[in-house]
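Okay, query-v8.txt is below, compact mmCIF, C-alpha atoms:
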# COMPACT_ATOMS: atom_id res chain seq x y z
CA MET A 684 -48.77 -6.13 -25.44
CA LEU A 685 -48.68 -4.72 -21.91
CA LYS A 686 -51.97 -4.18 -20.10
CA HIS A 687 -50.33 -2.18 -17.31
CA PRO A 688 -47.15 -0.57 -18.69
CA GLU A 689 -46.89 1.67 -15.62
CA THR A 690 -45.86 -1.38 -13.55
CA VAL A 691 -42.76 -2.11 -15.64
CA ASP A 692 -39.62 -0.89 -13.92
CA ILE A 693 -35.85 -1.25 -14.28
CA HIS A 694 -34.29 -3.17 -11.41
CA ASN A 695 -30.70 -2.91 -12.57
CA ILE A 696 -28.52 -2.43 -15.65
CA VAL A 697 -25.12 -4.08 -15.96
CA PRO A 698 -22.85 -3.39 -18.96
CA VAL A 699 -20.56 -6.34 -19.68
CA ASP A 700 -17.35 -5.73 -21.62
CA ALA A 701 -15.19 -8.84 -21.98
CA ARG A 702 -12.82 -7.34 -24.52
CA GLY A 703 -9.31 -8.28 -23.44
CA ASN A 704 -10.66 -11.08 -21.22
CA PRO A 705 -11.10 -14.20 -23.41
CA ASP A 706 -11.92 -16.33 -20.34
CA TRP A 707 -14.89 -14.23 -19.20
CA ALA A 708 -17.89 -16.28 -18.09
CA PHE A 709 -20.86 -15.97 -15.79
CA PRO A 710 -21.54 -19.47 -14.38
CA LEU A 711 -24.94 -21.03 -13.77
CA HIS A 712 -27.24 -18.68 -11.86
CA THR A 713 -30.79 -17.33 -11.73
CA HIS A 714 -32.60 -14.04 -11.35
CA PRO A 715 -35.42 -15.22 -9.06
CA TYR A 716 -37.71 -12.20 -9.31
CA HIS A 717 -36.68 -10.34 -12.46
CA VAL A 718 -36.54 -10.96 -16.18
CA GLU A 719 -33.18 -10.05 -17.72
CA ILE A 720 -32.78 -8.89 -21.31
CA SER A 721 -29.33 -8.61 -22.87
CA LEU A 722 -28.31 -7.03 -26.17
CA VAL A 723 -25.05 -8.27 -27.69
CA GLN A 724 -23.39 -5.20 -29.17
CA GLU A 725 -20.08 -6.76 -30.19
CA GLY A 726 -18.46 -10.18 -30.22
CA GLY A 727 -20.31 -13.26 -29.12
CA GLY A 728 -20.20 -16.44 -27.12
CA THR A 729 -22.35 -19.26 -25.80
CA PHE A 730 -25.58 -19.06 -23.80
CA TYR A 731 -26.64 -22.13 -21.83
CA CYS A 732 -30.09 -22.82 -20.43
CA GLU A 733 -32.44 -25.77 -19.91
CA GLY A 734 -29.93 -28.33 -21.12
CA ARG A 735 -29.17 -26.56 -24.40
CA SER A 736 -26.44 -24.28 -25.67
CA TYR A 737 -27.04 -21.35 -28.02
CA ALA A 738 -24.54 -19.29 -29.99
CA MET A 739 -24.64 -15.53 -29.34
CA HIS A 740 -23.77 -13.10 -32.13
CA PRO A 741 -23.64 -9.30 -32.50
CA GLY A 742 -27.17 -7.92 -32.59
CA ASP A 743 -28.74 -10.83 -30.69
CA ILE A 744 -31.22 -10.29 -27.85
CA ILE A 745 -30.95 -12.83 -25.01
CA ILE A 746 -34.06 -13.38 -22.84
CA LYS A 747 -33.68 -14.85 -19.34
CA ASN A 748 -37.04 -15.42 -17.68
CA ALA A 749 -37.30 -15.02 -13.92
CA GLY A 750 -36.06 -18.19 -12.25
CA LEU A 751 -34.34 -19.54 -15.37
CA VAL A 752 -31.00 -21.22 -14.62
CA HIS A 753 -28.50 -20.05 -17.21
CA ALA A 754 -24.82 -19.40 -17.91
CA GLU A 755 -22.81 -17.36 -20.39
CA HIS A 756 -19.32 -17.70 -21.84
CA THR A 757 -17.59 -15.28 -24.18
CA SER A 758 -16.02 -16.33 -27.45
CA ARG A 759 -12.24 -16.39 -27.03
CA GLU A 760 -11.65 -14.93 -30.48
CA HIS A 761 -14.38 -12.31 -30.43
CA GLN A 762 -15.00 -11.28 -26.81
CA ILE A 763 -18.52 -10.20 -26.01
CA ARG A 764 -19.74 -6.70 -25.19
CA GLN A 765 -23.35 -6.51 -24.06
CA ILE A 766 -25.80 -4.57 -21.92
CA CYS A 767 -27.97 -6.54 -19.47
CA ILE A 768 -31.20 -5.00 -18.21
CA SER A 769 -33.16 -6.54 -15.30
CA LEU A 770 -36.87 -5.71 -15.20
CA SER A 771 -39.76 -6.15 -12.79
CA GLY A 772 -43.48 -5.68 -13.29
CA VAL A 773 -43.61 -7.54 -16.62
CA ASN A 774 -46.66 -9.56 -15.65
CA GLU A 775 -49.12 -9.71 -18.53
CA ILE A 776 -47.14 -11.25 -21.37
CA THR A 777 -47.10 -14.86 -20.12
CA GLU A 778 -48.87 -16.61 -17.26
CA LYS A 779 -45.81 -16.32 -15.01
CA PRO A 780 -44.63 -12.99 -13.55
CA ASN A 781 -41.54 -11.49 -15.17
CA CYS A 782 -41.39 -14.07 -17.95
CA LEU A 783 -41.27 -12.95 -21.57
CA LEU A 784 -40.85 -16.37 -23.15
CA ALA A 785 -43.46 -19.12 -23.21
CA GLY A 786 -43.66 -22.56 -24.73
CA PHE A 787 -40.93 -23.36 -27.22
CA SER A 788 -39.78 -19.81 -27.94
CA THR A 789 -36.04 -19.48 -28.41
CA PRO A 790 -34.19 -17.39 -25.75
CA VAL A 791 -31.82 -15.97 -28.40
CA LEU A 792 -33.45 -13.59 -30.86
CA THR A 793 -31.97 -12.16 -34.04
CA THR A 794 -32.77 -8.45 -34.22
CA GLY A 795 -31.89 -7.80 -37.88
CA ASN A 796 -32.71 -4.23 -38.87
CA ASP A 797 -34.18 -3.58 -35.41
CA PHE A 798 -30.63 -3.55 -34.02
CA GLU A 799 -30.22 0.01 -35.28
CA ILE A 800 -33.16 1.02 -33.05
CA LEU A 801 -32.46 -1.20 -30.05
CA SER A 802 -28.74 -0.49 -29.66
CA PRO A 803 -29.10 3.26 -28.93
CA ILE A 804 -32.08 2.54 -26.63
CA PHE A 805 -30.01 0.10 -24.57
CA SER A 806 -27.06 2.53 -24.50
CA TYR A 807 -29.25 5.45 -23.42
CA LEU A 808 -30.92 3.42 -20.67
CA ALA A 809 -27.55 2.19 -19.39
CA ALA A 810 -26.23 5.74 -19.21
CA ARG A 811 -29.22 7.54 -17.72
CA TRP A 812 -31.70 5.16 -16.05
CA GLN A 813 -30.83 6.42 -12.55
CA GLU A 814 -31.12 10.12 -13.41
CA GLU A 815 -34.37 11.71 -12.20
CA ASP A 816 -34.60 14.19 -15.07
CA ALA A 817 -34.49 11.31 -17.57
CA ALA A 818 -37.02 9.06 -15.82
CA SER A 819 -39.91 9.75 -18.18
CA THR A 820 -37.80 9.35 -21.30
CA CYS A 821 -36.29 6.12 -19.98
CA HIS A 822 -39.72 4.66 -19.24
CA HIS A 823 -41.03 5.42 -22.74
CA LEU A 824 -37.89 3.98 -24.33
CA LEU A 825 -38.22 0.90 -22.14
CA LEU A 826 -41.78 0.29 -23.31
CA ALA A 827 -40.76 0.79 -26.95
CA MET A 828 -37.93 -1.70 -26.44
CA LEU A 829 -40.35 -4.28 -24.99
CA GLU A 830 -42.79 -3.84 -27.86
CA ILE A 831 -40.04 -4.55 -30.39
CA ILE A 832 -38.79 -7.55 -28.43
CA CYS A 833 -42.29 -9.02 -28.07
CA ARG A 834 -42.71 -8.76 -31.84
CA LEU A 835 -39.38 -10.51 -32.38
CA ILE A 836 -40.44 -13.29 -30.00
CA ALA A 837 -43.68 -13.80 -31.94
CA GLU A 838 -41.88 -13.79 -35.29
CA GLN A 839 -39.22 -16.30 -34.24
CA ARG A 840 -41.43 -18.72 -32.33
CA PRO A 841 -41.45 -22.20 -33.95
CA GLU A 842 -44.65 -22.97 -35.86
CA LYS A 843 -45.01 -26.49 -34.49
CA LYS A 844 -44.49 -27.61 -30.91
CA LYS A 845 -42.53 -30.74 -30.16
CA THR A 846 -45.09 -33.15 -28.71
CA ALA A 847 -43.09 -36.39 -28.75
CA GLN A 848 -42.32 -37.78 -25.32
CA LYS A 849 -38.77 -37.20 -24.15
CA GLU A 850 -36.45 -40.15 -23.97
CA ARG A 851 -35.86 -41.60 -20.52
CA ALA A 852 -32.28 -40.31 -20.47
CA VAL A 853 -33.40 -36.74 -21.07
CA GLN A 854 -36.13 -37.08 -18.46
CA VAL A 855 -33.66 -38.31 -15.86
CA VAL A 856 -31.17 -35.53 -16.58
CA THR A 857 -33.95 -32.95 -16.44
CA GLU A 858 -35.12 -34.24 -13.05
CA VAL A 859 -31.58 -34.37 -11.67
CA THR A 860 -30.77 -30.89 -13.00
CA GLU A 861 -33.91 -29.41 -11.45
CA TRP A 862 -33.09 -31.04 -8.11
CA ILE A 863 -29.53 -29.66 -8.17
CA ASN A 864 -30.84 -26.21 -9.08
CA GLN A 865 -32.98 -26.23 -5.93
CA ASN A 866 -30.41 -27.84 -3.61
CA TYR A 867 -27.00 -26.72 -4.89
CA SER A 868 -25.97 -25.42 -1.45
CA GLN A 869 -26.17 -28.94 0.00
CA LYS A 870 -23.42 -31.55 -0.16
CA ILE A 871 -24.00 -33.31 -3.49
CA THR A 872 -22.19 -36.36 -4.84
CA LEU A 873 -22.67 -38.54 -7.91
CA ASN A 874 -23.41 -41.61 -5.78
CA MET A 875 -25.97 -39.74 -3.70
CA LEU A 876 -27.81 -38.56 -6.83
CA ALA A 877 -27.69 -42.02 -8.40
CA GLU A 878 -29.21 -43.55 -5.27
CA LYS A 879 -31.85 -40.83 -5.04
CA PHE A 880 -32.99 -41.29 -8.65
CA PHE A 881 -32.58 -45.09 -8.72
CA ILE A 882 -30.01 -45.26 -11.50
CA SER A 883 -26.39 -46.32 -11.75
CA PRO A 884 -23.67 -43.69 -11.17
CA PHE A 885 -22.04 -44.57 -14.50
CA TYR A 886 -25.30 -44.14 -16.43
CA LEU A 887 -26.09 -40.84 -14.72
CA GLU A 888 -22.63 -39.34 -15.24
CA LYS A 889 -22.57 -40.35 -18.91
CA ARG A 890 -26.09 -39.13 -19.75
CA PHE A 891 -25.69 -35.93 -17.75
CA LYS A 892 -22.50 -35.05 -19.65
CA GLU A 893 -24.13 -35.85 -22.99
CA CYS A 894 -27.19 -33.69 -22.32
CA THR A 895 -25.66 -30.71 -20.53
CA GLY A 896 -21.98 -30.63 -21.43
CA TYR A 897 -21.16 -30.61 -17.69
CA SER A 898 -20.05 -33.34 -15.32
CA ILE A 899 -22.13 -33.54 -12.13
CA ASN A 900 -19.39 -31.87 -10.10
CA GLN A 901 -18.81 -29.16 -12.70
CA TYR A 902 -22.51 -28.34 -12.77
CA VAL A 903 -22.76 -28.08 -8.98
CA VAL A 904 -19.70 -25.85 -8.66
CA ASP A 905 -20.73 -23.73 -11.66
CA ARG A 906 -24.17 -23.30 -10.13
CA ARG A 907 -22.67 -22.17 -6.83
CA MET A 908 -20.23 -19.76 -8.46
CA GLY A 909 -22.98 -18.27 -10.62
CA GLU A 910 -25.18 -17.56 -7.63
CA ALA A 911 -22.20 -16.18 -5.70
CA GLN A 912 -21.46 -13.74 -8.53
CA ARG A 913 -25.10 -12.69 -8.71
CA MET A 914 -25.19 -12.04 -4.96
CA LEU A 915 -21.94 -10.06 -5.04
CA ILE A 916 -23.39 -7.79 -7.71
CA PHE A 917 -26.98 -7.42 -6.56
CA ASP A 918 -27.16 -8.22 -2.84
CA ASP A 919 -25.78 -6.50 0.26
CA LEU A 920 -24.67 -9.69 2.01
CA SER A 921 -21.13 -10.02 3.30
CA ILE A 922 -18.80 -12.39 1.48
CA LYS A 923 -18.93 -14.83 4.39
CA GLU A 924 -22.74 -14.83 4.23
CA ILE A 925 -22.63 -15.43 0.48
CA ALA A 926 -20.17 -18.31 0.89
CA LEU A 927 -22.49 -19.99 3.38
CA ALA A 928 -25.53 -19.35 1.20
CA VAL A 929 -24.00 -21.20 -1.75
CA GLY A 930 -22.71 -24.13 0.29
CA TYR A 931 -19.19 -23.27 1.50
CA GLU A 932 -18.58 -23.37 5.23
CA ASN A 933 -14.83 -22.97 4.67
CA LEU A 934 -14.35 -19.33 3.67
CA GLN A 935 -10.79 -19.90 2.50
CA TYR A 936 -11.90 -22.69 0.17
CA PHE A 937 -14.67 -20.46 -1.18
CA TYR A 938 -12.13 -17.72 -1.94
CA ALA A 939 -9.84 -20.20 -3.71
CA THR A 940 -12.66 -21.69 -5.79
CA PHE A 941 -14.08 -18.28 -6.69
CA LYS A 942 -10.67 -16.97 -7.80
CA LYS A 943 -10.12 -20.12 -9.88
CA TYR A 944 -13.40 -19.46 -11.70
CA THR A 945 -13.18 -15.69 -12.16
CA GLY A 946 -9.51 -14.84 -11.81
CA LYS A 947 -10.42 -12.45 -9.01
CA THR A 948 -11.19 -12.53 -5.31
CA PRO A 949 -14.83 -11.98 -4.33
CA THR A 950 -13.89 -8.52 -3.02
CA ALA A 951 -12.24 -7.50 -6.30
CA PHE A 952 -15.13 -8.95 -8.32
CA ARG A 953 -17.67 -6.95 -6.32
CA ALA A 954 -15.59 -3.80 -6.70
CA ASP A 955 -15.81 -4.11 -10.49
CA PHE A 956 -19.58 -3.64 -10.30
CA ARG A 957 -20.27 -1.64 -7.15
CA SER A 958 -18.64 0.81 -4.82
CA ASP A 959 -21.44 1.16 -2.25
CA VAL A 960 -21.00 -2.10 -0.34
CA PRO A 961 -17.99 -2.15 1.99
CA TYR A 962 -18.32 -5.76 3.16
CA ASP A 963 -15.26 -7.87 2.53
CA VAL A 964 -15.57 -10.73 5.05

Please express the file's structure as structure tokens.
Amino acid sequence: MLKHPETVDIHNIVPVDARGNPDWAFPLHTHPYHVEISLVQEGGGTFYCEGRSYAMHPGDIIIKNAGLVHAEHTSREHQIRQICISLSGVNEITEKPNCLLAGFSTPVLTTGNDFEILSPIFSYLAARWQEEDAASTCHHLLLAMLEIICRLIAEQRPEKKKTAQKERAVQVVTEVTEWINQNYSQKITLNMLAEKFFISPFYLEKRFKECTGYSINQYVVDRRMGEAQRMLIFDDLSIKEIALAVGYENLQYFYATFKKYTGKTPTAFRADFRSDVPYDV
């Protein structure tokens, strides 16, 4: 599967435990340079990407290619517990760097009996990936994990590709979504988008909601909050710098919006994941 396994490396590992927090969600965001692989150990929820929603169940593997815009929401009844591993150097599986999925492969994989192998691998990596004396063991387990996942991808890939041309409504929503994903930090309104794509505001709002489940405004804010959360976890920028990067010049408004989405201030959210970055303004 991998021509150069020595290039594969762990960028980060984030355990997510939403038990006791039925409103947990990670809004729309990307991992620009890394592929993220999650294993659902308990509970479940909904995974959104590319205009579709997928149910997540215990034992599922979730694949998020580099650059893929996605979001996750826990089930309220059965809150999710998962381990998310970000990888770099996965460059020979598809034509794009750090992409495991190609074509019409589903991003949610059922592991079946392989769960009994994958679960302890994920747990071991989460516990010891930063320990020097476990580096060799972690690397071998990582490669074994990828081999299993690549097999699951091949087994669960649809036999026939959908070749029919997309309806105009889906094409428009796809174009608008892609534009928002690239320009979410700008001031975006429904009327501005309708004028840009030469369609009526009513038609755009209706079709966008039908295809994505979001209103235009919800999608823009969700996209901003997702990127803000990603930056708080993985980047060393100050909160003010992050607010500006995702389109908020008013820091107080950013704080209020962030707390509405997560139930926590940006400072408290960052503290849940890291203790090494002191920035709070």

Find the residues around Glu689 (chain A) up to 10 Å (all atoms listed in the file counted), leave out those fewer than 6 positions away in its own chain, and share them as a list in words.
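Neighbouring residues, sequence-local ones excluded: Gly772, Val773, His822, His823 and Leu826 of chain A.
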
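Here the question is which of A:Ile925, A:Ile800, A:Leu915, A:Ala708 gets nearest to Glu830 (chain A) using only C-alpha atoms, and that residue is A:Ile800.
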
Close residues, region 853-870 of chain A itself excluded, 9 Å, all atoms listed in the file, min 2 positions apart in chain, as a ChimeraX atom specification:
/A:712,733-734,752,849-851,872,876,880,882,887,890-891,894-895,902-904,906-907,927-931

Selection: 12 Å around region 951-957 of chain A, all atoms listed in the file, excl. self and same-chain fewer than 2 positions, as a PDB file with C-alpha atoms, in the coordinates of the input:
ATOM      1  CA  ASN A 695     -30.700  -2.910 -12.570  1.00  0.00           C
ATOM      2  CA  ILE A 696     -28.520  -2.430 -15.650  1.00  0.00           C
ATOM      3  CA  VAL A 697     -25.120  -4.080 -15.960  1.00  0.00           C
ATOM      4  CA  PRO A 698     -22.850  -3.390 -18.960  1.00  0.00           C
ATOM      5  CA  VAL A 699     -20.560  -6.340 -19.680  1.00  0.00           C
ATOM      6  CA  ASP A 700     -17.350  -5.730 -21.620  1.00  0.00           C
ATOM      7  CA  PHE A 709     -20.860 -15.970 -15.790  1.00  0.00           C
ATOM      8  CA  MET A 908     -20.230 -19.760  -8.460  1.00  0.00           C
ATOM      9  CA  ALA A 911     -22.200 -16.180  -5.700  1.00  0.00           C
ATOM     10  CA  GLN A 912     -21.460 -13.740  -8.530  1.00  0.00           C
ATOM     11  CA  ARG A 913     -25.100 -12.690  -8.710  1.00  0.00           C
ATOM     12  CA  MET A 914     -25.190 -12.040  -4.960  1.00  0.00           C
ATOM     13  CA  LEU A 915     -21.940 -10.060  -5.040  1.00  0.00           C
ATOM     14  CA  ILE A 916     -23.390  -7.790  -7.710  1.00  0.00           C
ATOM     15  CA  PHE A 917     -26.980  -7.420  -6.560  1.00  0.00           C
ATOM     16  CA  ASP A 918     -27.160  -8.220  -2.840  1.00  0.00           C
ATOM     17  CA  ASP A 919     -25.780  -6.500   0.260  1.00  0.00           C
ATOM     18  CA  LEU A 920     -24.670  -9.690   2.010  1.00  0.00           C
ATOM     19  CA  SER A 921     -21.130 -10.020   3.300  1.00  0.00           C
ATOM     20  CA  ILE A 922     -18.800 -12.390   1.480  1.00  0.00           C
ATOM     21  CA  ILE A 925     -22.630 -15.430   0.480  1.00  0.00           C
ATOM     22  CA  TYR A 938     -12.130 -17.720  -1.940  1.00  0.00           C
ATOM     23  CA  PHE A 941     -14.080 -18.280  -6.690  1.00  0.00           C
ATOM     24  CA  LYS A 942     -10.670 -16.970  -7.800  1.00  0.00           C
ATOM     25  CA  TYR A 944     -13.400 -19.460 -11.700  1.00  0.00           C
ATOM     26  CA  THR A 945     -13.180 -15.690 -12.160  1.00  0.00           C
ATOM     27  CA  GLY A 946      -9.510 -14.840 -11.810  1.00  0.00           C
ATOM     28  CA  LYS A 947     -10.420 -12.450  -9.010  1.00  0.00           C
ATOM     29  CA  THR A 948     -11.190 -12.530  -5.310  1.00  0.00           C
ATOM     30  CA  PRO A 949     -14.830 -11.980  -4.330  1.00  0.00           C
ATOM     31  CA  ASP A 959     -21.440   1.160  -2.250  1.00  0.00           C
ATOM     32  CA  VAL A 960     -21.000  -2.100  -0.340  1.00  0.00           C
ATOM     33  CA  PRO A 961     -17.990  -2.150   1.990  1.00  0.00           C
ATOM     34  CA  TYR A 962     -18.320  -5.760   3.160  1.00  0.00           C
ATOM     35  CA  ASP A 963     -15.260  -7.870   2.530  1.00  0.00           C
TER      36      ASP A 963
END

For region 804-818 of chain A, find every residue with an atom within 10 Å (counting all atoms listed in the file), except residues of its own chain fewer than 3 positions away, and show them as an MDAnalysis selection string.
chainID A and resid 693:698 720:722 724 765:768 798:801 821:825 827:828

Of the candidates A:Ile745, A:Ile899, A:Cys833, A:Ile763, which shows the shortest atom-to-atom distance to Thr789 (chain A), using all atoms listed in the file?
A:Ile745

Please indicate the distance in Å from CA of Ala701 (chain A) to CA of Ile744 (chain A), rounded to one decimal place.
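Separation between CA of Ala701 (chain A) and CA of Ile744 (chain A): 17.1 Å.
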
Correct to one decimal, the distance CA of Glu878 (chain A)-CA of Glu932 (chain A) is 25.1 Å

Report, in Å with one decimal, the straight-line distance from CA of His717 (chain A) to CA of Asp692 (chain A).
10.0 Å

Find, counting only C-alpha atoms, the residue in A:Leu829, A:Ala852, A:Leu792, A:Gly896 that gets nearest to Cys732 (chain A).
A:Gly896
